[in-house]
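Here's the structure, in structure tokens; my notes come after.
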Amino acid sequence: MILNTQIQHETTLDPENWAELRELAHRMLDDMLTNLETVRERPVWQPIPPEVKARFAESLPTVPQPVEEVYQQFLDDVLAYPMGNPHPRFWGWVMGAGTPVAMLADMLAAGINPNMGGGDHSANRLEAQVIHWSKQIFGFPAEASGLLVSGGSMANLVGLAVARHAKAGFDLRKEGLFGAAARLMVYCNAEAHSSIQRAAEVLGLGSDSVRKIPTNDHFQLDISALEAAINADKAAGLQPFCIVGTAGTTNTGGMDDLNAIADICQRENLWFHVDGAFGAFAALSPQLKHLTAGMESADSLAFDWHKWPQLPFEIGCVLVRDGDLHRRTFTLRPDYLKHEERGVAGGDIWFSDFGIELTRSFKALKVWMLLKTHGVEAIAQIVEQNVAQARYMGELVDAAPELERLAPVTLNIVCFRYNPGGLDEVALDRLNNELLLRLQESGVAVMSSTRIGGKFVLRPSITNHRTRFEDVELVVETVRQIGKTLVESGTY
Ligand SMILES: *Cc1c(COP(=O)(O)O)cnc(C)c1O
């Protein structure tokens with residue numbers, strides 16, 4: 001038979017020599033395990049030298065290079081200058097440190113590489129299992145739905161999209177916001193995460209639709225100010241549709257009074273969304289659970305598996321109490337996504353009906369392996385341990401005359417500054433900013449900063465299963481040392 005197509009050379013991205021790649025792969029695995037095992041011995045963070053930075057401006061590769069060489073460059077240029085979050089003294093922003101088992105899980109997931117949009121296959125079942133466990137953890141009913149997403153920002157976006165769909169009062173999917181008779185309003189703590197405003201912007205509501213309610217002395221959303229804002233908006237002809245409660249504010253770890261917010265939502269027929277990106281996991285701890293009271297009655301809850309539960313990025317989750325409403329917010333079934341009764345497009349699990357993404361990665365495996373390997377109790381212990389460590393740091397700060405704490409330590413975040421006395425606010429801001437950078441450059445610890453009442457503060461946030469109490473002591477001592485040196489030399 002003569003074909004029009006002449007097949008001369010078929011190519012593939014598989015190795016020519018599997019045995020060689022296997023050997024290198026074993027070395028990679030060993031290197032990464034050693035890297036985690038010995039992370040404490042290295043500086044938390046180091047600046048990338050200019051000659052290494054320059055190597056990231058290579059031209060587009062057009063000819064093959066042996067994978068051994070490529071791996072060597074990874075070791076020299078990438079592995080050597082990490083962000084540092086697996087280190088026990090990395091307390092910047094709110095991050096997780098990763099775990100060895102979860103690292104392996106990510107490799108296994110990439111190996112089988114299923115598409116988690118839908119279909120009848122084991123990985124989909126496993127995500128459904130993980131969602132079911134999540135509902136159990138947070139006291140959500142069986143008919144609730146859930147979706148693993150890239151993180152808290154996406155979880156908030158999905159939650160607010162369902163809220164908008166549920167409460168708009170017209171066919172929002174069809175008409176969009178052109179169908180709205182009045183501006184739809186959402187309320188949150190002035191200290192709520194910026195992803196709430198971003199969600200409102202992306203959803204077409206605009207930042208004018210976000211009412212940022214001032215906080216009380218405990219950095220909680222002020223309930224009477226909230227009620228006043230809702231009443232004023234209604235009187236002005238606006239349409240309140242959602243209140244966002246925060247379980248663990250990013251600045252200070254403050255916990256909103258979620259029961260009080262739930263009551264207002266009930267009374268006013270508003271959607272109750274909780275942003276519990278990291279703080280939701282306090283619910284696992286018998287000592288801390290009272291701080292999250294009311295969270296279980298949320299209409300939707302956002303939380304991050306890559307913060308306190310320590311999974312490698314990226315993995316967050318959203319739960320929605322009314323699973324059917326969740327599905328109806330997003331479901332679209334074009335011809336090329338026909339769901340079958342049988343075959344690989346069979347089954348009743350179609351995660352693409354519950355969010356924005358169609359093709360999705362097999363993030364669920366690392367949650368499943370984490371929970372099965374360590375048990376859910378282990379997460380509760382990490383949460384309690386980190387909160388105890390932060391409170392200990394708060395005590396050390398309070399005991400040091402030249403350190404000043406600017407917010408209560410509710411959970412795992414301490415807001416403080418070096419204040420030797422006799423300096424004005426401008427000088428204190430400069431001094432502490434310089435101190436923060438010197439601390440990072442010392443390699444001893446990484447923390448980030450924020451402002452409390454306009455004042456620049458150091459803001460360690462301990463969501464790290466490798467942190468020990470001795471690390472807390474070392475870092476407080478180092479901060480005092482650097483502060484003293486800066487003040488004495490006047491270099492800030
Ligand atoms: C971290 C955080 C977010 C954003 O989550 P990502 O996983 O970074 O997208 C939202 N809200 C709060 C309270 C957070 O701490």
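Each chain in the structure tokens gets a letter, A, B, ..., in the order shown, and its residues are numbered from 1; ligands are numbered from 1 in order too.
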Once DSSP has gone over the backbone, tell me which residues of region 60-224 of chain A are in alpha helix (DSSP H), as a ChimeraX atom specification. /A:67-73,100-112,122-138,152-167,172-175,194-202,223-224
Could I get the residues of region 187-298 of chain A with an atom no further than 10 Å from an atom of region 432-453 of chain A, each paired with its nearest atom pair and that distance in Å to one decimal, using only C-alpha atoms, sorted by chain and residue number, as a tab-separated table?
residue	atom	partner	partner_atom	distance
A:Thr250	CA	A:Thr450	CA	9.5
A:Asn251	CA	A:Thr450	CA	6.6
A:Thr252	CA	A:Ile452	CA	8.7
List all protein, DNA and RNA residues that have an atom no more than 6 Å from any atom of ligand 1, counting only C-alpha atoms and all ligand atoms, and report them as a list in words.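 Going residue by residue within 6 Å of ligand 1, we get Val94, Gly151, Gly152, Ser153, His193, Ser195, Gly248, Thr249, Thr250, Asp275, Gly276, Ala277, Phe278 and Asp304 of chain A.
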Find the residues near Ile137 (chain A): any atom within 10 Å, counting only C-alpha atoms, skip ones fewer than 2 places away on the same chain, and give them as an MDAnalysis selection string. chainID A and resid 131:135 139:140 280:281 283:284 296 376
Find the residues around region 463-467 of chain A up to 9 Å (only C-alpha atoms counted), leave out those fewer than 3 positions away in its own chain, and share them as a PyMOL selection string. chain A and resi 40+85-91+94-99+278+307-310+382-383+385-387+389+412+470-472
Contacts of region 273-313 of chain A with region 155-163 of chain A up to 9 Å, shortest pair per row, only C-alpha atoms, as a tab-separated table:
residue	atom	partner	partner_atom	distance
A:His273	CA	A:Gly159	CA	6.7
A:Val274	CA	A:Asn156	CA	8.4
A:Asp275	CA	A:Asn156	CA	6.7
A:Ala277	CA	A:Ala155	CA	8.7
A:Asp299	CA	A:Ala163	CA	8.3
A:Ser300	CA	A:Gly159	CA	5.7
A:Leu301	CA	A:Gly159	CA	7.1
A:Ala302	CA	A:Ala155	CA	5.1
A:Phe303	CA	A:Ala155	CA	7.2
A:Asp304	CA	A:Ala155	CA	8.4
Given only C-alpha atoms as the counted atoms, nearest of A:Phe354, A:Tyr418, A:Ser285, A:Glu69 to Arg405 (chain A): A:Tyr418
From the DSSP assignment of the backbone, select every residue of region 9-153 of chain A that is strand (DSSP E or B), and format the answer as a ChimeraX atom specification. /A:90-91,145-149
Quick one: of A:Ala190, A:Leu423, A:Leu411, A:Arg267, who's nearest to Ala225 (chain A), counting only C-alpha atoms? A:Ala190
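Each of A:Met32, A:Leu184, A:Leu148, A:Ile261 was checked against Ala80 (chain A) using only C-alpha atoms; the smallest atom-to-atom distance is that of A:Met32.
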Min atom-atom distance to Val78 (chain A) from the set A:Gly454, A:Gly245, A:Pro49, A:Gly206, counting only C-alpha atoms, belongs to A:Pro49
How far is it from CA of Phe272 (chain A) to CA of Arg327 (chain A), in Å with one decimal?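 Between CA of Phe272 (chain A) and CA of Arg327 (chain A) the gap is 17.7 Å.
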Name the closest residue to Asp217 (chain A) among the candidates A:Gly422, A:Gly179, A:Pro66, A:Gly254; distances are taken between atoms, counting only C-alpha atoms.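 Between A:Gly422, A:Gly179, A:Pro66, A:Gly254, the residue approaching Asp217 (chain A) most closely is A:Gly254.
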Point out the residue among A:Pro408, A:Gly84, A:Gly323, A:Gly483 with the least atom-to-atom distance to Gly146 (chain A), counting only C-alpha atoms. A:Gly323
For Leu403 (chain A), list every protein, DNA or RNA residue within 7 Å, evaluated using only C-alpha atoms, and leave out those in the same chain fewer than 3 positions away; present the list as an MDAnalysis selection string. chainID A and resid 397:398 400 416:419
Same residues, N, CA and C atoms, saved as a compact mmCIF listing (two decimals), in the first residue's frame:
# COMPACT_ATOMS: atom_id res chain seq x y z
N VAL A 397 9.07 39.38 73.55
CA VAL A 397 9.02 40.78 73.10
C VAL A 397 8.60 41.68 74.27
N ASP A 398 7.57 41.25 74.99
CA ASP A 398 7.07 42.07 76.11
C ASP A 398 8.13 42.21 77.20
N ALA A 400 11.37 42.35 76.73
CA ALA A 400 12.55 43.10 76.30
C ALA A 400 12.21 44.59 76.26
N PHE A 416 5.57 43.47 66.00
CA PHE A 416 6.39 44.21 66.97
C PHE A 416 7.45 45.01 66.26
N ARG A 417 8.11 45.91 67.02
CA ARG A 417 9.19 46.68 66.43
C ARG A 417 10.27 46.94 67.47
N TYR A 418 11.43 47.32 66.98
CA TYR A 418 12.54 47.71 67.84
C TYR A 418 12.34 49.19 68.16
N ASN A 419 12.19 49.49 69.42
CA ASN A 419 11.94 50.88 69.81
C ASN A 419 12.75 51.21 71.06
